[in-house]
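Asks: The following file, structure03.cif, comprises mmCIF, C-alpha atoms and all ligand atoms:
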data_model
#
loop_
_atom_site.label_atom_id
_atom_site.label_comp_id
_atom_site.auth_asym_id
_atom_site.auth_seq_id
_atom_site.Cartn_x
_atom_site.Cartn_y
_atom_site.Cartn_z
CA MET A 1 -29.45 -55.93 -51.19
CA THR A 2 -26.20 -57.61 -50.04
CA ALA A 3 -25.51 -57.28 -46.29
CA ARG A 4 -22.46 -55.03 -46.08
CA GLU A 5 -20.40 -57.06 -43.64
CA PHE A 6 -21.01 -60.50 -45.23
CA THR A 7 -20.35 -61.82 -48.68
CA ASN A 8 -22.77 -64.47 -49.98
CA VAL A 9 -25.66 -63.01 -47.97
CA ILE A 10 -28.62 -61.39 -49.74
CA VAL A 11 -30.94 -59.44 -47.45
CA PHE A 12 -34.42 -58.51 -48.68
CA ASN A 13 -35.12 -54.89 -47.81
CA HIS A 14 -38.31 -54.95 -49.89
CA PRO A 15 -41.17 -53.03 -48.19
CA LEU A 16 -43.71 -55.84 -48.63
CA ILE A 17 -41.40 -58.38 -47.02
CA GLN A 18 -40.50 -56.04 -44.16
CA HIS A 19 -44.18 -55.20 -43.60
CA LYS A 20 -45.09 -58.89 -43.30
CA LEU A 21 -42.01 -59.73 -41.24
CA THR A 22 -43.00 -57.09 -38.69
CA TYR A 23 -46.36 -58.89 -38.18
CA LEU A 24 -44.45 -62.16 -37.73
CA ARG A 25 -42.25 -60.58 -35.06
CA ASP A 26 -45.30 -59.29 -33.16
CA ARG A 27 -45.95 -61.57 -30.17
CA SER A 28 -49.72 -61.03 -30.55
CA THR A 29 -49.75 -62.65 -34.04
CA SER A 30 -51.29 -66.12 -33.54
CA HIS A 31 -50.40 -69.29 -35.45
CA ARG A 32 -53.03 -68.87 -38.16
CA PRO A 33 -51.85 -65.48 -39.52
CA PHE A 34 -48.27 -66.51 -38.73
CA ARG A 35 -48.60 -69.49 -41.10
CA ALA A 36 -50.12 -67.35 -43.85
CA LEU A 37 -47.45 -64.65 -43.54
CA LEU A 38 -44.57 -67.12 -43.55
CA TYR A 39 -46.03 -68.73 -46.68
CA GLN A 40 -46.36 -65.35 -48.41
CA ILE A 41 -42.85 -64.15 -47.54
CA ALA A 42 -41.29 -67.41 -48.73
CA GLY A 43 -43.12 -67.01 -52.04
CA LEU A 44 -41.74 -63.48 -52.44
CA MET A 45 -38.20 -64.51 -51.50
CA VAL A 46 -38.09 -67.37 -53.96
CA TYR A 47 -38.26 -64.91 -56.83
CA GLU A 48 -34.78 -63.59 -56.01
CA ALA A 49 -33.33 -66.89 -54.78
CA THR A 50 -34.08 -68.54 -58.12
CA ARG A 51 -32.82 -65.69 -60.31
CA SER A 52 -29.75 -67.58 -61.50
CA LEU A 53 -31.43 -70.96 -62.12
CA PRO A 54 -30.40 -72.52 -65.43
CA VAL A 55 -33.01 -72.44 -68.22
CA THR A 56 -33.32 -74.35 -71.47
CA PRO A 57 -34.72 -72.77 -74.65
CA VAL A 58 -37.90 -74.48 -75.90
CA GLU A 59 -40.14 -73.95 -78.92
CA VAL A 60 -43.72 -72.97 -78.21
CA GLU A 61 -46.70 -72.52 -80.50
CA THR A 62 -48.67 -69.42 -79.53
CA PRO A 63 -52.12 -68.87 -81.07
CA VAL A 64 -50.34 -66.59 -83.57
CA GLU A 65 -46.93 -68.12 -84.42
CA ARG A 66 -44.08 -70.35 -83.28
CA THR A 67 -41.53 -68.78 -80.94
CA ILE A 68 -38.75 -69.66 -78.53
CA GLY A 69 -39.40 -69.53 -74.79
CA SER A 70 -37.52 -71.03 -71.85
CA ARG A 71 -38.15 -73.63 -69.21
CA LEU A 72 -36.26 -74.47 -66.03
CA GLY A 73 -33.36 -76.59 -67.21
CA ALA A 74 -32.52 -78.57 -64.07
CA LYS A 75 -34.35 -80.47 -61.36
CA VAL A 76 -34.83 -78.16 -58.40
CA THR A 77 -35.12 -79.68 -54.93
CA VAL A 78 -36.60 -77.83 -51.98
CA VAL A 79 -35.51 -79.16 -48.58
CA PRO A 80 -37.35 -77.86 -45.51
CA VAL A 81 -35.81 -78.37 -42.08
CA LEU A 82 -38.63 -79.69 -39.88
CA ARG A 83 -40.61 -78.40 -38.32
CA ALA A 84 -40.58 -74.71 -39.09
CA GLY A 85 -39.11 -75.07 -42.59
CA LEU A 86 -42.32 -76.76 -43.72
CA GLY A 87 -44.15 -73.44 -43.42
CA MET A 88 -41.71 -71.81 -45.84
CA ALA A 89 -41.54 -74.76 -48.23
CA GLU A 90 -45.25 -74.47 -48.97
CA GLY A 91 -44.81 -70.86 -50.10
CA VAL A 92 -41.83 -71.80 -52.27
CA LEU A 93 -43.80 -74.64 -53.89
CA GLU A 94 -46.66 -72.34 -54.73
CA MET A 95 -44.19 -70.51 -57.01
CA MET A 96 -42.32 -73.64 -58.19
CA PRO A 97 -44.78 -76.54 -58.14
CA GLU A 98 -42.47 -78.70 -60.24
CA ALA A 99 -39.78 -78.76 -57.55
CA ARG A 100 -39.06 -81.97 -55.66
CA ILE A 101 -39.12 -82.06 -51.88
CA GLY A 102 -36.57 -83.60 -49.55
CA HIS A 103 -37.13 -83.62 -45.79
CA LEU A 104 -34.66 -83.14 -42.96
CA GLY A 105 -35.86 -83.40 -39.39
CA LEU A 106 -33.54 -81.60 -36.96
CA ALA A 107 -34.30 -80.51 -33.42
CA ARG A 108 -32.02 -78.29 -31.41
CA ASP A 109 -31.04 -79.75 -28.04
CA GLU A 110 -32.05 -76.99 -25.62
CA ARG A 111 -29.05 -77.62 -23.36
CA THR A 112 -26.18 -77.97 -25.85
CA LEU A 113 -27.91 -75.98 -28.65
CA GLU A 114 -26.59 -78.62 -31.07
CA PRO A 115 -29.00 -80.23 -33.58
CA VAL A 116 -30.21 -83.82 -33.32
CA VAL A 117 -31.12 -85.48 -36.65
CA TYR A 118 -34.40 -87.47 -36.50
CA LEU A 119 -35.40 -87.70 -40.17
CA LYS A 120 -33.65 -87.75 -43.56
CA ARG A 121 -35.58 -88.41 -46.78
CA LEU A 122 -33.87 -86.99 -49.86
CA PRO A 123 -34.11 -87.60 -53.61
CA ARG A 124 -31.29 -89.87 -54.83
CA ASP A 125 -29.92 -87.54 -57.51
CA LEU A 126 -29.48 -84.34 -55.51
CA ASP A 127 -26.64 -83.41 -57.86
CA ALA A 128 -29.14 -83.05 -60.74
CA GLY A 129 -29.84 -79.39 -59.95
CA PRO A 130 -29.99 -76.61 -57.38
CA VAL A 131 -31.04 -77.40 -53.82
CA LEU A 132 -32.94 -74.80 -51.82
CA LEU A 133 -32.65 -75.38 -48.07
CA VAL A 134 -35.46 -73.62 -46.21
CA ASP A 135 -35.62 -72.86 -42.50
CA PRO A 136 -36.95 -69.58 -41.05
CA MET A 137 -34.31 -69.27 -38.30
CA LEU A 138 -30.53 -69.22 -38.63
CA ALA A 139 -29.47 -68.77 -35.00
CA THR A 140 -26.24 -70.45 -33.83
CA GLY A 141 -26.03 -71.99 -37.31
CA GLY A 142 -25.73 -75.52 -35.88
CA SER A 143 -28.87 -76.80 -37.66
CA ALA A 144 -27.98 -75.23 -41.00
CA VAL A 145 -24.38 -76.50 -40.88
CA GLN A 146 -25.62 -80.02 -40.11
CA ALA A 147 -28.33 -79.84 -42.80
CA ILE A 148 -25.83 -78.73 -45.43
CA ARG A 149 -23.41 -81.46 -44.37
CA LEU A 150 -26.16 -84.05 -44.92
CA LEU A 151 -27.09 -82.50 -48.28
CA ARG A 152 -23.46 -82.47 -49.44
CA GLU A 153 -23.05 -86.12 -48.41
CA ALA A 154 -26.15 -86.87 -50.49
CA GLY A 155 -24.55 -85.20 -53.54
CA ALA A 156 -25.90 -81.63 -53.50
CA GLN A 157 -23.60 -79.15 -55.23
CA ASP A 158 -25.51 -75.93 -55.94
CA LEU A 159 -26.85 -75.02 -52.48
CA ARG A 160 -28.85 -71.96 -51.45
CA MET A 161 -30.28 -71.31 -48.00
CA LEU A 162 -33.51 -69.39 -47.59
CA CYS A 163 -34.26 -68.11 -44.09
CA LEU A 164 -36.40 -65.45 -42.54
CA VAL A 165 -34.26 -64.13 -39.70
CA ALA A 166 -30.52 -64.72 -39.37
CA ALA A 167 -28.15 -63.91 -36.51
CA PRO A 168 -24.63 -62.68 -37.33
CA GLU A 169 -23.25 -65.61 -35.27
CA GLY A 170 -25.10 -68.15 -37.41
CA ILE A 171 -24.10 -66.52 -40.70
CA THR A 172 -20.43 -66.46 -39.66
CA ARG A 173 -20.48 -70.12 -38.62
CA LEU A 174 -22.33 -71.27 -41.71
CA LEU A 175 -20.10 -69.40 -44.15
CA ARG A 176 -16.97 -70.54 -42.32
CA GLU A 177 -17.96 -74.20 -42.73
CA HIS A 178 -19.69 -73.91 -46.11
CA PRO A 179 -18.33 -70.82 -47.91
CA GLN A 180 -19.95 -71.75 -51.25
CA VAL A 181 -23.51 -71.47 -49.95
CA THR A 182 -25.54 -68.33 -50.69
CA ILE A 183 -27.82 -67.20 -47.85
CA TYR A 184 -31.06 -65.32 -48.58
CA ALA A 185 -32.59 -63.69 -45.50
CA ALA A 186 -35.45 -61.28 -44.84
CA ALA A 187 -33.47 -59.77 -41.94
CA VAL A 188 -30.12 -60.01 -40.19
CA ASP A 189 -30.82 -59.31 -36.51
CA ARG A 190 -28.56 -57.98 -33.77
CA GLN A 191 -27.31 -61.09 -31.93
CA LEU A 192 -28.21 -64.22 -29.94
CA ASN A 193 -29.28 -64.13 -26.31
CA ASP A 194 -27.85 -66.50 -23.66
CA LYS A 195 -30.42 -69.18 -24.59
CA GLY A 196 -29.43 -69.10 -28.26
CA TYR A 197 -32.52 -67.17 -29.35
CA ILE A 198 -32.22 -64.47 -31.98
CA ILE A 199 -32.84 -60.94 -30.69
CA PRO A 200 -35.03 -59.15 -31.48
CA GLY A 201 -36.09 -62.20 -33.54
CA LEU A 202 -39.59 -63.64 -33.42
CA GLY A 203 -39.31 -66.33 -30.74
CA ASP A 204 -39.53 -70.06 -31.46
CA ALA A 205 -40.58 -70.29 -35.10
CA GLY A 206 -41.84 -73.90 -34.91
CA ASP A 207 -43.97 -73.22 -31.84
CA ARG A 208 -45.39 -70.01 -33.27
CA LEU A 209 -46.16 -71.68 -36.61
CA TYR A 210 -47.94 -74.68 -35.11
CA GLY A 211 -49.40 -73.09 -31.97
CA THR A 212 -47.40 -75.33 -29.63
CA GLU A 213 -46.10 -72.65 -27.25
C1 LIG B 1 -35.34 -73.95 -34.98
C2 LIG B 1 -35.24 -73.41 -36.39
C3 LIG B 1 -33.92 -73.99 -36.85
C4 LIG B 1 -33.09 -73.96 -35.59
C5 LIG B 1 -32.16 -72.80 -35.64
O1 LIG B 1 -35.78 -75.27 -34.98
O2 LIG B 1 -36.34 -73.74 -37.21
O3 LIG B 1 -34.02 -75.29 -37.39
O4 LIG B 1 -34.00 -73.82 -34.50
O5 LIG B 1 -31.31 -72.78 -34.55
P1 LIG B 1 -29.73 -72.98 -34.70
O6 LIG B 1 -29.28 -72.11 -35.83
O7 LIG B 1 -29.20 -72.55 -33.38
O8 LIG B 1 -29.45 -74.43 -34.96
P2 LIG B 1 -35.96 -76.13 -33.65
O9 LIG B 1 -34.71 -76.92 -33.39
O10 LIG B 1 -36.45 -75.24 -32.56
O11 LIG B 1 -37.07 -77.18 -34.07
P3 LIG B 1 -38.62 -76.97 -34.44
O12 LIG B 1 -38.67 -76.29 -35.79
O13 LIG B 1 -39.14 -78.35 -34.49
O14 LIG B 1 -39.24 -76.12 -33.35
N1 LIG B 2 -34.87 -71.23 -33.19
C1 LIG B 2 -35.98 -70.45 -33.22
O1 LIG B 2 -37.08 -70.92 -33.58
N2 LIG B 2 -35.87 -69.16 -32.85
C2 LIG B 2 -34.70 -68.63 -32.44
O2 LIG B 2 -34.67 -67.42 -32.13
C3 LIG B 2 -33.57 -69.45 -32.42
C4 LIG B 2 -33.67 -70.75 -32.80
#
Write the structure described by the file as structure tokens, please.
Replies:
Amino acid sequence: MTAREFTNVIVFNHPLIQHKLTYLRDRSTSHRPFRALLYQIAGLMVYEATRSLPVTPVEVETPVERTIGSRLGAKVTVVPVLRAGLGMAEGVLEMMPEARIGHLGLARDERTLEPVVYLKRLPRDLDAGPVLLVDPMLATGGSAVQAIRLLREAGAQDLRMLCLVAAPEGITRLLREHPQVTIYAAAVDRQLNDKGYIIPGLGDAGDRLYGTE
């Protein structure tokens, strides 16, 4: 599952995820199925991305006897990068409804390809547990690097990034600046084109998700 050329990158080669991702890549998939597929893939990915979450033993009374079970032992925070990250966050929350949500609004400047921050609303105690940053596209890595910088400044320690499609350029930049972060991706694509789009990719994730092309 680990991409051979990168450490700290987990790539999901699961048939269900690849099947759904292929529909997302298809230019004829409109925003309605796109939204549903992104939601479903995020829900499937969260299973692996949360594997090492700390748990606390708790007593539980079954209809037959008392036994010991386990509950999540730390506050988990999910942080979508707006806009497109919102589509993934909903799928993650379906699996982990007790998670808190922080919001980061970042938009990539089309000329410089650098992110502009327009919103930051985060829980105060981000150091209280793992933080799951969600954004479908990791292209140049500028948005992810900026998002993680903001999360670190706000106290986050255990950071995991969940994305759909990553470019090698973005992974290299992100891990150079934040080597402790684990990246979970449904696919690592070939490269970026001269406009900073991932190829083959799936186009502009925010536009495809919200029908704003
Ligand atoms: C997309 C995507 C990432 C960013 C990735 O968002 O959702 O946030 O681009 O590109 P990068 O790795 O080169 O920074 P965009 O800025 O297009 O905003 P949107 O979601 O509002 O469309
Ligand atoms: N942002 C997107 O939405 N898609 C890309 O391919 C690159 C950045």
Asks: List all protein, DNA and RNA residues that have an atom no more than 7 Å from any atom of ligand LIG 1 (chain B), counting all atoms listed in the file, and report them as a tab-separated table (two decimals) with C-alpha atoms, in the frame of the given file.
Replies:
chain	number	residue	atom	x	y	z
A	81	VAL	CA	-35.81	-78.37	-42.08
A	82	LEU	CA	-38.63	-79.69	-39.88
A	83	ARG	CA	-40.61	-78.40	-38.32
A	84	ALA	CA	-40.58	-74.71	-39.09
A	85	GLY	CA	-39.11	-75.07	-42.59
A	106	LEU	CA	-33.54	-81.60	-36.96
A	107	ALA	CA	-34.30	-80.51	-33.42
A	108	ARG	CA	-32.02	-78.29	-31.41
A	113	LEU	CA	-27.91	-75.98	-28.65
A	114	GLU	CA	-26.59	-78.62	-31.07
A	115	PRO	CA	-29.00	-80.23	-33.58
A	135	ASP	CA	-35.62	-72.86	-42.50
A	136	PRO	CA	-36.95	-69.58	-41.05
A	137	MET	CA	-34.31	-69.27	-38.30
A	138	LEU	CA	-30.53	-69.22	-38.63
A	139	ALA	CA	-29.47	-68.77	-35.00
A	140	THR	CA	-26.24	-70.45	-33.83
A	141	GLY	CA	-26.03	-71.99	-37.31
A	142	GLY	CA	-25.73	-75.52	-35.88
A	143	SER	CA	-28.87	-76.80	-37.66
A	144	ALA	CA	-27.98	-75.23	-41.00
A	170	GLY	CA	-25.10	-68.15	-37.41
A	196	GLY	CA	-29.43	-69.10	-28.26
A	204	ASP	CA	-39.53	-70.06	-31.46
A	205	ALA	CA	-40.58	-70.29	-35.10
A	206	GLY	CA	-41.84	-73.90	-34.91
A	207	ASP	CA	-43.97	-73.22	-31.84
Asks: Identify, on the basis of only C-alpha atoms, every residue whose closest approach to segment 16-20 of chain A does not exceed 8 Å; exclude the query and any residue fewer than 5 positions from it along the same chain; express the result as a PyMOL selection string.
Replies: chain A and resi 37+41+44+186
Asks: I'd like to know which of A:Thr50, A:Gln40, A:Thr7, A:Thr112 is closest to Met88 of chain A, using all atoms listed in the file.
Replies: A:Gln40
Asks: Measuring between only C-alpha atoms and all ligand atoms, which one of A:Leu132, A:Arg25, A:Val181, A:Arg32 shows the shortest distance to ligand LIG 2 (chain B)?
Replies: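 Between A:Leu132, A:Arg25, A:Val181, A:Arg32, the residue approaching ligand LIG 2 (chain B) most closely is A:Arg25.
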Asks: Find the spatial neighbours of Leu202 of chain A, counting all atoms listed in the file, within a cut-off of 9 Å - ignore same-chain residues fewer than 5 positions away - and output them as a list in words.
Replies: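 Here the answer would be Leu24, Arg25, Asp26, Arg27, Val165, Tyr197 and Arg208 of chain A.
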Asks: Counting all atoms listed in the file, figure out which residue out of A:Val116, A:Ala156, A:Ala89, A:Ala167 gets nearest to ligand LIG 2 (chain B).
Replies: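 Residue with the minimum atom-to-atom distance to ligand LIG 2 (chain B): A:Ala167.
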Asks: Would you list the residues near (-35.2, -68.2, -72.8) (no more than 8 Å away, in the coordinates of the file, using only C-alpha atoms) as a VMD selection string?
Replies: chain A and resid 55 to 58 68 to 71
Asks: What separation in Å, quoted to one decimal, exists between atom CA of Thr212 of chain A and atom C1 of ligand LIG 2 (chain B)?
Replies: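 Interatomic distance here is 12.9 Å.
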Asks: What does the distance from atom O2 of ligand LIG 2 (chain B) to atom CA of Val117 of chain A come to in Å, to one decimal?
Replies: 19.0 Å
Asks: Ranking A:Glu110, A:Asp127, A:Glu48, A:Glu153 by minimum distance to ligand LIG 2 (chain B) and counting only C-alpha atoms and all ligand atoms, which one comes first?
Replies: A:Glu110
Asks: Ranking A:Ala166, A:Ala154, A:Ile183, A:Leu133 by minimum distance to ligand LIG 2 (chain B) and counting all atoms listed in the file, which one comes first?
Replies: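 Looking only at the distances to ligand LIG 2 (chain B), the closest residue turns out to be A:Ala166.
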Asks: Determine the nearest neighbour of ligand LIG 2 (chain B) from the options A:Arg121, A:Leu159, A:Arg35, A:Asp109, counting all atoms listed in the file.
Replies: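 For ligand LIG 2 (chain B), the nearest of the given residues is A:Asp109.
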Asks: Work out how far atom CA of Gly91 of chain A is from atom CA of Arg173 of chain A, in Å to one decimal.
Replies: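 Calculated distance between atom CA of Arg173 of chain A and atom CA of Gly91 of chain A is 26.9 Å.
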Asks: From the structure block, carefully write segment 78-106 of chain A out with N, CA, C and O atoms; format it as a PDB file, in the first residue's frame.
Replies:
ATOM      1  N   VAL A  78     -11.414  17.083  12.156  1.00  0.00           N
ATOM      2  CA  VAL A  78     -11.335  16.994  10.695  1.00  0.00           C
ATOM      3  C   VAL A  78     -11.296  18.426  10.167  1.00  0.00           C
ATOM      4  O   VAL A  78     -12.114  19.260  10.569  1.00  0.00           O
ATOM      5  N   VAL A  79     -10.322  18.703   9.306  1.00  0.00           N
ATOM      6  CA  VAL A  79     -10.193  20.067   8.769  1.00  0.00           C
ATOM      7  C   VAL A  79     -10.226  20.022   7.243  1.00  0.00           C
ATOM      8  O   VAL A  79      -9.242  19.656   6.592  1.00  0.00           O
ATOM      9  N   PRO A  80     -11.378  20.353   6.635  1.00  0.00           N
ATOM     10  CA  PRO A  80     -11.430  20.449   5.176  1.00  0.00           C
ATOM     11  C   PRO A  80     -10.821  21.762   4.687  1.00  0.00           C
ATOM     12  O   PRO A  80     -10.973  22.800   5.343  1.00  0.00           O
ATOM     13  N   VAL A  81     -10.120  21.689   3.554  1.00  0.00           N
ATOM     14  CA  VAL A  81      -9.680  22.916   2.882  1.00  0.00           C
ATOM     15  C   VAL A  81     -10.774  23.276   1.884  1.00  0.00           C
ATOM     16  O   VAL A  81     -11.090  22.498   0.983  1.00  0.00           O
ATOM     17  N   LEU A  82     -11.389  24.448   2.086  1.00  0.00           N
ATOM     18  CA  LEU A  82     -12.469  24.900   1.200  1.00  0.00           C
ATOM     19  C   LEU A  82     -11.885  25.281  -0.159  1.00  0.00           C
ATOM     20  O   LEU A  82     -10.756  25.807  -0.208  1.00  0.00           O
ATOM     21  N   ARG A  83     -12.684  25.040  -1.173  1.00  0.00           N
ATOM     22  CA  ARG A  83     -14.002  24.453  -1.142  1.00  0.00           C
ATOM     23  C   ARG A  83     -14.014  22.925  -1.204  1.00  0.00           C
ATOM     24  O   ARG A  83     -14.819  22.265  -0.566  1.00  0.00           O
ATOM     25  N   ALA A  84     -13.135  22.366  -2.050  1.00  0.00           N
ATOM     26  CA  ALA A  84     -13.327  20.969  -2.414  1.00  0.00           C
ATOM     27  C   ALA A  84     -13.208  20.007  -1.235  1.00  0.00           C
ATOM     28  O   ALA A  84     -13.822  18.939  -1.235  1.00  0.00           O
ATOM     29  N   GLY A  85     -12.457  20.397  -0.203  1.00  0.00           N
ATOM     30  CA  GLY A  85     -12.304  19.525   0.960  1.00  0.00           C
ATOM     31  C   GLY A  85     -13.611  19.249   1.670  1.00  0.00           C
ATOM     32  O   GLY A  85     -13.759  18.216   2.345  1.00  0.00           O
ATOM     33  N   LEU A  86     -14.585  20.158   1.510  1.00  0.00           N
ATOM     34  CA  LEU A  86     -15.879  19.957   2.175  1.00  0.00           C
ATOM     35  C   LEU A  86     -16.544  18.664   1.701  1.00  0.00           C
ATOM     36  O   LEU A  86     -17.188  17.967   2.484  1.00  0.00           O
ATOM     37  N   GLY A  87     -16.376  18.369   0.420  1.00  0.00           N
ATOM     38  CA  GLY A  87     -16.988  17.162  -0.143  1.00  0.00           C
ATOM     39  C   GLY A  87     -16.416  15.901   0.465  1.00  0.00           C
ATOM     40  O   GLY A  87     -17.117  14.892   0.621  1.00  0.00           O
ATOM     41  N   MET A  88     -15.143  15.934   0.832  1.00  0.00           N
ATOM     42  CA  MET A  88     -14.529  14.760   1.482  1.00  0.00           C
ATOM     43  C   MET A  88     -14.892  14.721   2.956  1.00  0.00           C
ATOM     44  O   MET A  88     -15.107  13.655   3.524  1.00  0.00           O
ATOM     45  N   ALA A  89     -14.932  15.890   3.599  1.00  0.00           N
ATOM     46  CA  ALA A  89     -15.182  15.929   5.046  1.00  0.00           C
ATOM     47  C   ALA A  89     -16.514  15.272   5.389  1.00  0.00           C
ATOM     48  O   ALA A  89     -16.643  14.584   6.405  1.00  0.00           O
ATOM     49  N   GLU A  90     -17.502  15.456   4.518  1.00  0.00           N
ATOM     50  CA  GLU A  90     -18.819  14.868   4.804  1.00  0.00           C
ATOM     51  C   GLU A  90     -18.734  13.349   4.855  1.00  0.00           C
ATOM     52  O   GLU A  90     -19.354  12.712   5.704  1.00  0.00           O
ATOM     53  N   GLY A  91     -17.960  12.766   3.948  1.00  0.00           N
ATOM     54  CA  GLY A  91     -17.792  11.305   3.949  1.00  0.00           C
ATOM     55  C   GLY A  91     -17.040  10.819   5.175  1.00  0.00           C
ATOM     56  O   GLY A  91     -17.341   9.773   5.743  1.00  0.00           O
ATOM     57  N   VAL A  92     -16.056  11.598   5.610  1.00  0.00           N
ATOM     58  CA  VAL A  92     -15.285  11.239   6.812  1.00  0.00           C
ATOM     59  C   VAL A  92     -16.198  11.289   8.036  1.00  0.00           C
ATOM     60  O   VAL A  92     -16.196  10.395   8.881  1.00  0.00           O
ATOM     61  N   LEU A  93     -17.039  12.329   8.098  1.00  0.00           N
ATOM     62  CA  LEU A  93     -17.926  12.496   9.260  1.00  0.00           C
ATOM     63  C   LEU A  93     -19.001  11.427   9.348  1.00  0.00           C
ATOM     64  O   LEU A  93     -19.458  11.098  10.432  1.00  0.00           O
ATOM     65  N   GLU A  94     -19.383  10.896   8.209  1.00  0.00           N
ATOM     66  CA  GLU A  94     -20.354   9.805   8.224  1.00  0.00           C
ATOM     67  C   GLU A  94     -19.791   8.632   9.043  1.00  0.00           C
ATOM     68  O   GLU A  94     -20.504   7.962   9.780  1.00  0.00           O
ATOM     69  N   MET A  95     -18.476   8.420   8.928  1.00  0.00           N
ATOM     70  CA  MET A  95     -17.816   7.319   9.643  1.00  0.00           C
ATOM     71  C   MET A  95     -17.433   7.717  11.061  1.00  0.00           C
ATOM     72  O   MET A  95     -17.282   6.865  11.926  1.00  0.00           O
ATOM     73  N   MET A  96     -17.225   9.020  11.301  1.00  0.00           N
ATOM     74  CA  MET A  96     -16.720   9.484  12.603  1.00  0.00           C
ATOM     75  C   MET A  96     -17.528  10.699  13.052  1.00  0.00           C
ATOM     76  O   MET A  96     -17.015  11.812  13.126  1.00  0.00           O
ATOM     77  N   PRO A  97     -18.821  10.493  13.338  1.00  0.00           N
ATOM     78  CA  PRO A  97     -19.679  11.654  13.608  1.00  0.00           C
ATOM     79  C   PRO A  97     -19.279  12.441  14.841  1.00  0.00           C
ATOM     80  O   PRO A  97     -19.668  13.595  14.987  1.00  0.00           O
ATOM     81  N   GLU A  98     -18.462  11.828  15.708  1.00  0.00           N
ATOM     82  CA  GLU A  98     -18.060  12.558  16.915  1.00  0.00           C
ATOM     83  C   GLU A  98     -16.899  13.517  16.662  1.00  0.00           C
ATOM     84  O   GLU A  98     -16.549  14.307  17.545  1.00  0.00           O
ATOM     85  N   ALA A  99     -16.321  13.494  15.486  1.00  0.00           N
ATOM     86  CA  ALA A  99     -15.173  14.376  15.212  1.00  0.00           C
ATOM     87  C   ALA A  99     -15.597  15.837  15.192  1.00  0.00           C
ATOM     88  O   ALA A  99     -16.740  16.172  14.863  1.00  0.00           O
ATOM     89  N   ARG A 100     -14.664  16.708  15.555  1.00  0.00           N
ATOM     90  CA  ARG A 100     -14.916  18.151  15.450  1.00  0.00           C
ATOM     91  C   ARG A 100     -14.475  18.615  14.060  1.00  0.00           C
ATOM     92  O   ARG A 100     -13.674  17.957  13.415  1.00  0.00           O
ATOM     93  N   ILE A 101     -14.980  19.754  13.664  1.00  0.00           N
ATOM     94  CA  ILE A 101     -14.616  20.279  12.337  1.00  0.00           C
ATOM     95  C   ILE A 101     -13.965  21.646  12.481  1.00  0.00           C
ATOM     96  O   ILE A 101     -14.490  22.523  13.159  1.00  0.00           O
ATOM     97  N   GLY A 102     -12.797  21.790  11.841  1.00  0.00           N
ATOM     98  CA  GLY A 102     -12.197  23.108  11.677  1.00  0.00           C
ATOM     99  C   GLY A 102     -12.311  23.463  10.208  1.00  0.00           C
ATOM    100  O   GLY A 102     -12.441  22.560   9.374  1.00  0.00           O
ATOM    101  N   HIS A 103     -12.286  24.731   9.870  1.00  0.00           N
ATOM    102  CA  HIS A 103     -12.370  25.110   8.454  1.00  0.00           C
ATOM    103  C   HIS A 103     -11.180  25.975   8.064  1.00  0.00           C
ATOM    104  O   HIS A 103     -10.823  26.899   8.797  1.00  0.00           O
ATOM    105  N   LEU A 104     -10.607  25.660   6.904  1.00  0.00           N
ATOM    106  CA  LEU A 104      -9.584  26.525   6.316  1.00  0.00           C
ATOM    107  C   LEU A 104     -10.029  26.861   4.900  1.00  0.00           C
ATOM    108  O   LEU A 104     -10.320  25.951   4.108  1.00  0.00           O
ATOM    109  N   GLY A 105     -10.110  28.133   4.608  1.00  0.00           N
ATOM    110  CA  GLY A 105     -10.450  28.550   3.248  1.00  0.00           C
ATOM    111  C   GLY A 105      -9.190  29.014   2.542  1.00  0.00           C
ATOM    112  O   GLY A 105      -8.561  29.985   2.956  1.00  0.00           O
ATOM    113  N   LEU A 106      -8.793  28.276   1.507  1.00  0.00           N
ATOM    114  CA  LEU A 106      -7.594  28.640   0.729  1.00  0.00           C
ATOM    115  C   LEU A 106      -7.966  28.608  -0.743  1.00  0.00           C
ATOM    116  O   LEU A 106      -8.630  27.684  -1.183  1.00  0.00           O
TER     117      LEU A 106
END
